[in-house]
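Here's entry.cif, which has mmCIF, C-alpha atoms:
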```
data_query
loop_
_atom_site.label_atom_id
_atom_site.label_comp_id
_atom_site.auth_asym_id
_atom_site.auth_seq_id
_atom_site.Cartn_x
_atom_site.Cartn_y
_atom_site.Cartn_z
CA MET A 52 4.99 -1.00 27.00
CA SER A 53 6.90 1.17 24.53
CA SER A 54 6.56 1.12 20.76
CA ARG A 55 10.08 -0.29 20.61
CA SER A 56 9.04 -3.13 22.91
CA VAL A 57 6.04 -3.88 20.69
CA SER A 58 8.29 -3.88 17.62
CA ARG A 59 10.61 -6.34 19.36
CA ILE A 60 7.63 -8.54 20.26
CA LEU A 61 6.41 -8.48 16.67
CA ARG A 62 9.87 -9.26 15.28
CA LYS A 63 10.25 -12.04 17.81
CA SER A 64 6.79 -13.21 16.83
CA GLN A 65 7.88 -13.68 13.23
CA LEU A 66 10.74 -15.91 14.34
CA LEU A 67 8.41 -17.76 16.67
CA LYS A 68 5.94 -18.20 13.84
CA GLN A 69 8.64 -19.76 11.67
CA ASN A 70 9.42 -22.21 14.45
CA LEU A 71 5.77 -23.02 14.90
CA VAL A 72 5.25 -23.64 11.20
CA HIS A 73 8.08 -26.18 11.32
CA GLY A 74 6.38 -27.99 14.16
CA ARG A 75 8.49 -26.78 17.10
CA SER A 76 7.00 -25.52 20.37
CA VAL A 77 7.61 -22.04 21.76
CA ALA A 78 10.19 -23.40 24.17
CA GLY A 79 12.00 -25.12 21.34
CA LYS A 80 11.12 -28.64 22.52
CA ARG A 81 11.49 -31.36 19.94
CA GLN A 82 8.38 -33.13 18.74
CA SER A 83 8.25 -36.77 19.66
CA SER A 84 7.34 -37.93 16.17
CA GLN A 85 7.39 -36.90 12.55
CA ASP A 86 3.60 -36.84 12.52
CA ALA A 87 3.55 -34.29 15.33
CA ALA A 88 6.13 -32.18 13.51
CA ASP A 89 3.88 -31.96 10.48
CA VAL A 90 0.87 -30.70 12.42
CA ASP A 91 -0.04 -27.05 11.93
CA PRO A 92 -0.07 -25.64 15.49
CA SER A 93 -2.99 -23.36 14.66
CA GLN A 94 -5.16 -26.46 14.27
CA SER A 95 -4.65 -27.36 17.92
CA ARG A 96 -5.94 -24.02 19.19
CA PRO A 97 -9.53 -24.03 20.44
CA GLU A 98 -11.98 -21.95 18.48
CA VAL A 99 -14.34 -19.40 19.99
CA GLY A 100 -17.08 -21.31 21.75
CA GLN A 101 -14.79 -24.12 22.88
CA THR A 102 -13.43 -22.27 25.91
CA GLU A 103 -14.97 -20.75 29.02
CA SER A 104 -15.26 -17.23 27.58
CA LEU A 105 -15.69 -15.92 24.05
CA MET A 106 -12.96 -13.40 24.91
CA ASP A 107 -10.36 -15.89 26.14
CA ILE A 108 -6.79 -15.36 24.97
CA GLY A 109 -5.24 -18.34 23.19
CA THR A 110 -8.13 -19.20 20.89
CA ARG A 111 -8.86 -19.07 17.14
CA GLY A 112 -6.92 -20.86 14.45
CA ILE A 113 -6.01 -17.70 12.52
CA TYR A 114 -3.80 -16.67 15.43
CA ALA A 115 -0.86 -18.26 17.23
CA GLU A 116 0.99 -17.77 20.49
CA GLU A 117 3.00 -14.78 19.31
CA TYR A 118 -0.25 -12.87 18.85
CA ASP A 119 -1.39 -13.87 22.34
CA ILE A 120 1.63 -12.10 23.83
CA PHE A 121 0.71 -8.94 21.97
CA ARG A 122 -2.98 -9.30 22.85
CA GLU A 123 -2.18 -9.48 26.56
CA SER A 124 -0.29 -6.18 26.41
CA VAL A 125 -3.09 -4.50 24.42
CA ARG A 126 -5.76 -5.76 26.83
CA ARG A 127 -3.76 -4.44 29.74
CA PHE A 128 -3.41 -1.02 28.09
CA PHE A 129 -7.15 -0.59 27.49
CA ARG A 130 -7.95 -1.84 31.00
CA ASP A 131 -5.54 0.60 32.65
CA GLU A 132 -5.61 3.67 30.38
CA VAL A 133 -9.00 3.73 28.65
CA THR A 134 -11.70 2.08 30.77
CA PRO A 135 -11.20 4.27 33.88
CA ASN A 136 -11.56 7.46 31.81
CA GLN A 137 -14.60 6.61 29.70
CA THR A 138 -17.12 8.55 31.79
CA SER A 139 -15.14 11.79 31.85
CA TRP A 140 -14.36 11.54 28.14
CA GLU A 141 -18.03 11.02 27.33
CA LYS A 142 -18.95 14.18 29.22
CA GLN A 143 -16.46 16.31 27.30
CA GLY A 144 -17.22 14.66 23.96
CA HIS A 145 -13.70 13.49 23.14
CA VAL A 146 -10.76 11.62 24.61
CA ASP A 147 -7.79 13.53 25.99
CA ARG A 148 -4.90 14.12 23.64
CA GLU A 149 -2.65 12.53 26.24
CA VAL A 150 -4.15 9.09 25.61
CA TRP A 151 -3.23 9.40 21.93
CA ALA A 152 0.39 9.96 22.95
CA LYS A 153 0.19 7.00 25.33
CA MET A 154 -1.20 4.85 22.53
CA GLY A 155 1.71 5.89 20.36
CA ALA A 156 4.28 5.26 23.08
CA ALA A 157 2.79 1.81 23.65
CA GLY A 158 3.13 0.96 19.95
CA LEU A 159 -0.62 0.68 19.38
CA LEU A 160 -0.98 3.21 16.55
CA GLY A 161 -0.04 2.28 13.00
CA VAL A 162 0.52 -1.35 13.94
CA ASN A 163 0.09 -2.52 10.34
CA VAL A 164 2.25 0.28 8.93
CA SER A 165 5.79 -0.69 7.97
CA ALA A 166 8.63 0.31 10.26
CA GLU A 167 10.39 1.80 7.24
CA SER A 168 7.50 4.25 6.85
CA GLY A 169 7.49 5.10 10.56
CA GLY A 170 4.90 2.61 11.82
CA VAL A 171 5.18 -0.37 14.16
CA GLY A 172 5.76 -2.96 11.42
CA GLY A 173 3.19 -5.57 12.42
CA ASP A 174 0.82 -7.45 10.15
CA PHE A 175 -2.88 -6.93 9.54
CA LYS A 176 -3.92 -9.58 12.06
CA SER A 177 -1.94 -7.77 14.75
CA ALA A 178 -3.81 -4.57 13.92
CA MET A 179 -7.10 -6.43 14.33
CA VAL A 180 -6.03 -7.49 17.81
CA VAL A 181 -6.05 -3.80 18.79
CA ILE A 182 -9.52 -3.30 17.27
CA GLU A 183 -10.90 -6.34 19.09
CA GLU A 184 -9.39 -5.48 22.45
CA GLN A 185 -10.77 -1.96 22.31
CA CYS A 186 -14.25 -3.49 21.91
CA TYR A 187 -13.62 -6.10 24.62
CA ALA A 188 -12.93 -3.14 26.92
CA ASN A 189 -16.23 -1.55 25.80
CA GLY A 190 -14.09 1.40 24.77
CA ASP A 191 -15.39 1.75 21.25
CA GLY A 192 -15.96 5.45 21.71
CA SER A 193 -12.65 6.65 20.29
CA GLY A 194 -11.26 6.95 16.77
CA PHE A 195 -7.99 5.05 17.20
CA GLY A 196 -8.94 2.45 14.59
CA LEU A 197 -9.88 4.97 11.93
CA HIS A 198 -6.62 6.84 12.50
CA SER A 199 -4.40 3.74 12.42
CA ASP A 200 -6.15 1.45 9.98
CA ILE A 201 -7.81 3.81 7.51
CA VAL A 202 -6.05 7.19 7.44
CA MET A 203 -2.48 5.91 7.82
CA PRO A 204 -2.84 3.19 5.14
CA TYR A 205 -4.18 5.78 2.68
CA ILE A 206 -1.04 7.85 3.16
CA CYS A 207 1.30 4.86 3.06
CA ASP A 208 -0.35 3.28 0.01
CA TYR A 209 -0.77 6.41 -2.11
CA GLY A 210 1.33 9.16 -0.57
CA THR A 211 4.60 10.53 -1.89
CA PRO A 212 7.81 9.77 0.06
CA GLU A 213 7.69 13.34 1.36
CA GLN A 214 4.10 12.95 2.58
CA ILE A 215 4.88 9.65 4.26
CA GLU A 216 7.91 11.12 6.00
CA LYS A 217 5.96 14.18 7.12
CA PHE A 218 2.84 12.52 8.50
CA ILE A 219 3.34 8.84 9.35
CA PRO A 220 5.94 9.02 12.18
CA ALA A 221 3.92 11.73 13.96
CA MET A 222 0.69 9.75 13.49
CA ALA A 223 2.34 6.62 14.89
CA ALA A 224 3.47 8.68 17.88
CA GLY A 225 -0.05 10.00 18.48
CA THR A 226 1.04 13.63 18.11
CA ASN A 227 -0.72 14.08 14.76
CA ILE A 228 -4.30 12.82 14.79
CA GLY A 229 -5.78 11.83 11.45
CA ALA A 230 -9.29 11.89 9.98
CA ILE A 231 -10.86 11.30 6.58
CA ALA A 232 -13.67 13.57 5.37
CA MET A 233 -16.02 11.87 2.92
CA THR A 234 -19.60 12.41 4.09
CA GLU A 235 -21.48 15.61 3.30
CA PRO A 236 -24.86 16.83 4.55
CA GLY A 237 -26.63 16.05 1.28
CA THR A 238 -24.73 13.07 -0.11
CA GLY A 239 -24.39 10.38 2.56
CA SER A 240 -22.87 7.25 1.01
CA ASP A 241 -22.88 8.67 -2.55
CA LEU A 242 -19.20 9.50 -2.96
CA GLN A 243 -19.69 10.51 -6.59
CA GLY A 244 -22.12 13.19 -5.50
CA VAL A 245 -19.72 15.24 -3.35
CA LYS A 246 -20.18 19.00 -3.53
CA THR A 247 -16.93 19.97 -1.82
CA HIS A 248 -14.68 21.07 -4.65
CA ALA A 249 -11.22 22.41 -5.43
CA LYS A 250 -10.50 24.79 -8.31
CA LYS A 251 -7.10 25.37 -9.87
CA ASP A 252 -5.51 28.75 -9.23
CA GLY A 253 -2.08 28.89 -10.82
CA ASP A 254 -0.08 26.08 -9.21
CA ASP A 255 -2.42 25.95 -6.23
CA TRP A 256 -5.93 24.70 -5.51
CA ILE A 257 -8.72 26.59 -3.74
CA LEU A 258 -10.86 24.26 -1.62
CA ASN A 259 -14.47 25.06 -0.65
CA GLY A 260 -17.23 22.98 0.90
CA SER A 261 -18.28 21.23 4.10
CA LYS A 262 -18.28 17.76 5.62
CA VAL A 263 -20.29 16.19 8.43
CA PHE A 264 -20.09 13.21 10.82
CA ILE A 265 -16.28 13.26 10.62
CA THR A 266 -14.74 10.93 13.21
CA ASN A 267 -11.75 12.56 14.94
CA GLY A 268 -12.84 15.79 13.24
CA TYR A 269 -12.55 17.97 16.33
CA LEU A 270 -9.09 16.77 17.43
CA ALA A 271 -7.66 16.09 13.97
CA ASN A 272 -4.43 17.71 12.92
CA THR A 273 -4.55 16.27 9.39
CA VAL A 274 -7.65 15.45 7.36
CA ILE A 275 -7.85 13.57 4.06
CA VAL A 276 -10.56 15.54 2.24
CA VAL A 277 -12.54 14.09 -0.66
CA ALA A 278 -13.19 16.85 -3.21
CA ALA A 279 -14.32 17.21 -6.80
CA THR A 280 -11.59 18.56 -9.08
CA GLN A 281 -13.34 18.15 -12.43
CA LEU A 282 -16.67 19.90 -11.97
CA SER A 283 -17.62 19.65 -15.63
CA SER A 284 -16.97 15.92 -15.91
CA GLU A 285 -20.08 13.87 -16.61
CA ARG A 286 -18.40 10.82 -15.11
CA LYS A 287 -17.91 12.03 -11.54
CA ALA A 288 -15.63 9.12 -10.68
CA HIS A 289 -13.02 10.58 -13.04
CA GLY A 290 -12.96 13.94 -11.28
CA ILE A 291 -12.38 13.31 -7.55
CA SER A 292 -9.12 13.95 -5.71
CA LEU A 293 -7.93 13.46 -2.14
CA PHE A 294 -6.26 16.39 -0.38
CA LEU A 295 -4.17 16.41 2.79
CA VAL A 296 -5.50 19.40 4.73
CA GLU A 297 -3.82 20.51 7.96
CA ASP A 298 -5.65 22.25 10.77
CA THR A 299 -3.28 25.23 10.67
CA MET A 300 -4.30 26.18 7.13
CA PRO A 301 -6.30 29.43 6.83
CA GLY A 302 -9.91 28.85 5.90
CA PHE A 303 -10.16 25.40 7.50
CA ASN A 304 -12.66 25.65 10.37
CA LYS A 305 -13.99 22.99 12.70
CA GLY A 306 -17.61 23.08 13.79
CA ARG A 307 -19.12 21.87 17.02
CA ILE A 308 -18.71 18.35 18.37
CA LEU A 309 -21.89 16.58 17.33
CA GLN A 310 -24.06 15.14 20.09
CA LYS A 311 -24.45 11.48 19.21
CA MET A 312 -26.60 8.67 20.56
CA GLY A 313 -23.53 6.56 21.31
CA GLN A 314 -19.75 6.53 21.06
CA LYS A 315 -19.93 9.76 23.01
CA SER A 316 -16.18 9.97 23.65
CA THR A 317 -15.44 9.94 19.92
CA ASP A 318 -15.30 13.47 18.59
CA ALA A 319 -17.45 13.60 15.47
CA ALA A 320 -17.62 17.06 13.97
CA GLU A 321 -18.61 19.24 11.07
CA LEU A 322 -15.74 20.63 8.99
CA PHE A 323 -15.83 23.75 6.84
CA PHE A 324 -13.46 24.79 4.06
CA GLU A 325 -13.62 28.40 2.92
CA ASP A 326 -11.14 29.32 0.21
CA VAL A 327 -8.45 27.06 1.65
CA ARG A 328 -5.37 27.51 -0.51
CA LEU A 329 -3.55 24.23 -1.08
CA PRO A 330 -0.34 23.59 -2.99
CA SER A 331 -0.37 20.82 -5.60
CA SER A 332 1.81 18.83 -3.21
CA ALA A 333 -1.22 18.60 -0.89
CA ILE A 334 -2.90 16.15 -3.28
CA LEU A 335 -2.45 12.69 -1.78
CA GLY A 336 0.20 11.11 -3.97
CA GLY A 337 1.19 14.41 -5.55
CA PRO A 338 -0.04 16.11 -8.75
CA GLU A 339 0.04 12.88 -10.76
CA MET A 340 -2.72 11.50 -8.51
CA GLN A 341 -5.13 14.29 -9.44
CA ASP A 342 -8.60 12.95 -10.31
CA LYS A 343 -7.75 9.43 -9.08
CA GLY A 344 -9.26 9.78 -5.63
CA PHE A 345 -12.42 7.82 -6.32
CA TYR A 346 -10.44 4.74 -7.31
CA HIS A 347 -8.32 5.02 -4.16
CA LEU A 348 -11.51 5.20 -2.09
CA MET A 349 -12.97 2.14 -3.78
CA SER A 350 -9.80 0.09 -3.27
CA GLN A 351 -9.70 0.92 0.45
CA LEU A 352 -13.39 0.36 1.23
CA PRO A 353 -13.04 -3.44 1.71
CA ARG A 354 -10.49 -2.78 4.46
CA GLU A 355 -12.75 -0.22 6.14
CA ARG A 356 -15.74 -2.55 6.04
CA LEU A 357 -13.75 -5.43 7.48
CA LEU A 358 -12.62 -3.16 10.33
CA ILE A 359 -16.28 -2.48 11.13
CA ALA A 360 -17.10 -6.19 10.96
CA THR A 361 -14.18 -6.97 13.27
CA GLY A 362 -15.33 -4.40 15.82
CA ALA A 363 -18.96 -5.51 15.62
CA GLN A 364 -18.03 -9.15 16.09
CA ALA A 365 -15.83 -8.44 19.11
CA HIS A 366 -18.48 -6.23 20.66
CA ALA A 367 -21.10 -8.96 20.25
CA GLU A 368 -18.80 -11.34 22.13
CA TYR A 369 -18.25 -8.77 24.87
CA MET A 370 -21.98 -8.12 25.32
CA PHE A 371 -22.71 -11.84 25.50
CA GLU A 372 -20.13 -12.37 28.23
CA ILE A 373 -21.26 -9.50 30.47
CA THR A 374 -24.86 -10.66 30.03
CA ARG A 375 -24.02 -14.24 30.89
CA ASP A 376 -22.29 -13.00 34.03
CA TYR A 377 -25.29 -10.85 34.92
CA VAL A 378 -27.96 -13.56 34.58
CA LYS A 379 -25.87 -15.98 36.66
CA LYS A 380 -25.79 -13.47 39.53
CA ARG A 381 -29.23 -11.88 39.21
CA LYS A 382 -31.99 -13.65 41.12
CA ALA A 383 -35.71 -13.80 40.35
CA PHE A 384 -38.43 -16.10 41.67
CA GLY A 385 -36.02 -17.50 44.24
CA LYS A 386 -33.25 -18.55 41.85
CA SER A 387 -30.74 -17.04 39.46
CA LEU A 388 -32.02 -16.00 36.04
CA SER A 389 -29.63 -18.47 34.42
CA LYS A 390 -31.66 -21.34 35.88
CA LEU A 391 -34.73 -20.36 33.85
CA GLN A 392 -35.11 -22.36 30.65
CA THR A 393 -36.21 -19.36 28.58
CA ILE A 394 -33.02 -17.52 29.57
CA GLN A 395 -30.88 -20.57 28.81
CA HIS A 396 -32.41 -20.91 25.35
CA ARG A 397 -31.84 -17.23 24.59
CA LEU A 398 -28.18 -17.56 25.61
CA ALA A 399 -27.78 -20.72 23.55
CA GLU A 400 -29.19 -19.01 20.47
CA MET A 401 -26.93 -15.99 20.92
CA LYS A 402 -23.79 -18.01 21.47
CA THR A 403 -24.46 -20.17 18.41
CA GLU A 404 -25.07 -17.16 16.17
CA ILE A 405 -21.99 -15.35 17.50
CA CYS A 406 -19.74 -18.38 16.95
CA VAL A 407 -21.03 -18.87 13.40
CA SER A 408 -20.38 -15.21 12.68
CA ARG A 409 -16.92 -15.43 14.24
CA ALA A 410 -15.96 -18.22 11.83
CA PHE A 411 -16.91 -16.05 8.84
CA THR A 412 -15.30 -12.91 10.23
CA ASP A 413 -12.04 -14.72 10.94
CA LYS A 414 -12.03 -16.16 7.44
CA CYS A 415 -12.38 -12.64 6.03
CA ILE A 416 -9.52 -11.41 8.26
CA GLU A 417 -7.37 -14.24 6.99
CA LEU A 418 -8.29 -13.53 3.36
CA PHE A 419 -7.39 -9.85 3.76
CA HIS A 420 -4.15 -10.82 5.46
CA GLU A 421 -3.36 -12.90 2.38
CA GLY A 422 -4.47 -10.17 -0.05
CA ARG A 423 -7.49 -12.16 -1.26
CA LEU A 424 -10.54 -10.41 0.26
CA ASP A 425 -12.81 -8.95 -2.42
CA SER A 426 -15.36 -6.17 -2.15
CA SER A 427 -18.36 -8.48 -2.09
CA LEU A 428 -17.10 -10.59 0.83
CA ALA A 429 -16.08 -7.46 2.72
CA SER A 430 -19.62 -6.09 2.27
CA MET A 431 -21.06 -9.39 3.48
CA SER A 432 -18.88 -9.37 6.58
CA LYS A 433 -19.80 -5.79 7.45
CA TYR A 434 -23.53 -6.34 6.89
CA TRP A 435 -23.68 -9.68 8.70
CA ALA A 436 -21.56 -8.85 11.76
CA SER A 437 -23.12 -5.43 12.33
CA ASP A 438 -26.69 -6.74 12.02
CA LEU A 439 -25.89 -9.58 14.41
CA CYS A 440 -24.20 -7.19 16.82
CA ASN A 441 -27.30 -5.01 17.01
CA LYS A 442 -29.50 -8.06 17.53
CA VAL A 443 -27.24 -9.27 20.34
CA ALA A 444 -27.30 -5.79 21.91
CA THR A 445 -31.10 -5.76 21.94
CA ASP A 446 -31.29 -9.26 23.44
CA CYS A 447 -28.68 -8.50 26.08
CA VAL A 448 -30.41 -5.32 27.24
CA GLN A 449 -33.65 -7.31 27.48
CA LEU A 450 -31.96 -9.96 29.64
CA HIS A 451 -30.68 -7.22 31.95
CA GLY A 452 -34.23 -6.00 32.51
CA GLY A 453 -34.61 -2.51 33.94
CA TRP A 454 -30.94 -2.30 34.85
CA GLY A 455 -30.05 -2.71 31.21
CA TYR A 456 -31.62 0.70 30.62
CA MET A 457 -29.36 2.35 33.20
CA TRP A 458 -26.21 4.11 31.93
CA GLU A 459 -24.22 2.86 34.92
CA TYR A 460 -24.43 -0.66 33.48
CA PRO A 461 -21.93 -1.41 30.68
CA ILE A 462 -24.60 -2.99 28.49
CA ALA A 463 -26.37 0.38 28.14
CA ARG A 464 -23.20 2.03 26.83
CA ALA A 465 -22.54 -0.91 24.52
CA PHE A 466 -26.11 -0.83 23.19
CA THR A 467 -25.75 2.78 22.02
CA ASN A 468 -22.14 2.38 20.85
CA VAL A 469 -22.85 -0.49 18.46
CA ARG A 470 -25.95 0.98 16.82
CA VAL A 471 -23.84 2.89 14.31
CA TYR A 472 -22.08 -0.23 12.99
CA SER A 473 -24.90 -0.89 10.52
CA ILE A 474 -24.83 2.76 9.38
CA PHE A 475 -21.29 3.99 8.88
CA GLY A 476 -18.84 2.68 6.32
CA GLY A 477 -21.83 2.50 3.98
CA SER A 478 -25.23 1.56 5.41
CA ASN A 479 -26.21 -2.09 5.39
CA GLU A 480 -28.80 -1.31 2.72
CA ILE A 481 -25.89 -0.19 0.51
CA MET A 482 -24.00 -3.38 1.44
CA LYS A 483 -26.90 -5.48 0.17
CA GLU A 484 -26.93 -3.53 -3.09
CA LEU A 485 -23.20 -4.21 -3.57
CA ILE A 486 -23.59 -7.90 -2.75
CA ALA A 487 -26.54 -8.22 -5.12
CA ARG A 488 -24.54 -6.85 -8.06
CA ASP A 489 -22.42 -9.99 -8.13
CA ILE A 490 -25.49 -12.16 -7.84
CA VAL A 491 -27.52 -10.75 -10.75
CA LYS A 492 -24.80 -9.58 -13.14
#
```
Kindly transcribe the structure held in the file into structure tokens.
Amino acid sequence: MSSRSVSRILRKSQLLKQNLVHGRSVAGKRQSSQDAADVDPSQSRPEVGQTESLMDIGTRGIYAEEYDIFRESVRRFFRDEVTPNQTSWEKQGHVDREVWAKMGAAGLLGVNVSAESGGVGGDFKSAMVVIEEQCYANGDGSGFGLHSDIVMPYICDYGTPEQIEKFIPAMAAGTNIGAIAMTEPGTGSDLQGVKTHAKKDGDDWILNGSKVFITNGYLANTVIVVAATQLSSERKAHGISLFLVEDTMPGFNKGRILQKMGQKSTDAAELFFEDVRLPSSAILGGPEMQDKGFYHLMSQLPRERLLIATGAQAHAEYMFEITRDYVKKRKAFGKSLSKLQTIQHRLAEMKTEICVSRAFTDKCIELFHEGRLDSSLASMSKYWASDLCNKVATDCVQLHGGWGYMWEYPIARAFTNVRVYSIFGGSNEIMKELIARDIVK
């Protein structure tokens, strides 16, 4: 499916949504009574846990049929283009550039970026469909989400018209891969403690420093680099800027692809900046946005943390379903594992916890969609969903027995892929600190 086709689906979806809100069916059939016409169609959709599979299409009240059409096309793409290549990508440490171009051609990059800016023009919930389907395909080892739903929004929200025109269309096409470089070897989650710095030199800036654990770092064409621009400032938050650094710039060097426990097909790398000369126009938002980078980072963190929660939640659902399938087929003591009461109770506990978490995650998605998600709730969603996801991963490997420890089984890959959810985007210990601030203030 081309990006144009996706745009048409999304535009058609808006019209369909208007019809649905007014009580009409997709086929345009008239409702038989005024009462039926007043019913919100989303209320008639089953929630997760009320259908055969937690991954069934056509569920969840925050979505409607127009999203189901899009979800089907996304699921098909990951099944056909991503899943068959996972093993080879893991061996080389990154996905092929060709799949980025295919993602762009299919309209799956920059879904929540306006068409006027060069994106697909869908809403936030549509973008979350892509995140979820990537996890349902157990294809979490690639940085599509960071590129589309973190890097591109930074440029669209804060960039100059010239920056948007230069970067967004190419990023939506998958020909310019984006990354954001925050973390440093000695700072971790402490953004105010960054050592990478840029000094003024005439009208230019000279950038020096290093970054680590940078998703898409090896393949990236454009990196948003967090750097200190007021080294003497006592209040570090007032002296941080964001720079758009391109991989063709002299002095910008990429280190090795880091060997990770999981998400092996995602290229995470070290980045080095040695006297990189940048024009003032390389500051995200232009010269007037100098020293405002910290506030941009803080305003975008709720979105990033919700993305992690969304991925963690979907991956928990995926792991539950493949485990349920396994215990129904695997036999022990003359009968399938699913006939054993201890296995049944473990599955019942997992399903209940996953469904409770899904209700909260969906509420946070809806709140963000409406512009009402605050930092505290975003931190809660990230902490809760990622902790649950890791618990589910441990339980599901246990239910697989020895085979769960074998890489040929999908649960082994999922177990290592999801471990990082509670670490990146701010560790869950940091999330608890942020949540606590609102409690004790």
Atomic separation - CA of Gly169 (chain A) relative to CA of Ile334 (chain A), Å:
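Distance between the two atoms: 20.5 Å.
Each of A:Ser473, A:Thr374, A:Gln449, A:Ser168 was checked against Phe218 (chain A) using all atoms listed in the file; the smallest atom-to-atom distance is that of A:Ser168.
If you measure from each of A:Leu348, A:Gln137, A:Ile308, A:Thr211 to Ile275 (chain A) using all atoms listed in the file, the closest one turns out to be A:Leu348.
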If I take CA of Glu184 (chain A) and CA of His145 (chain A), how far is one from the other in Å, to one decimal?
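Value for the CA of Glu184 (chain A)-CA of His145 (chain A) distance: 19.5 Å.
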Go through region 102-165 of chain A and flag each residue having an atom no more than 12 Å from region 383-404 of chain A; for those, report the closest pair of atoms plus their distance in Å to one decimal, using only C-alpha atoms, ordered by chain and rising number, as a tab-separated table.
```
residue	atom	partner	partner_atom	distance
A:Glu103	CA	A:Lys402	CA	11.9
A:Ser104	CA	A:Lys402	CA	10.5
A:Leu105	CA	A:Lys402	CA	8.8
```
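Of the residues under consideration (A:Pro301, A:Gly229, A:Gly306, A:Gly337), A:Gly306 shows the shortest atom-to-atom contact distance to Val263 (chain A) when counting all atoms listed in the file.
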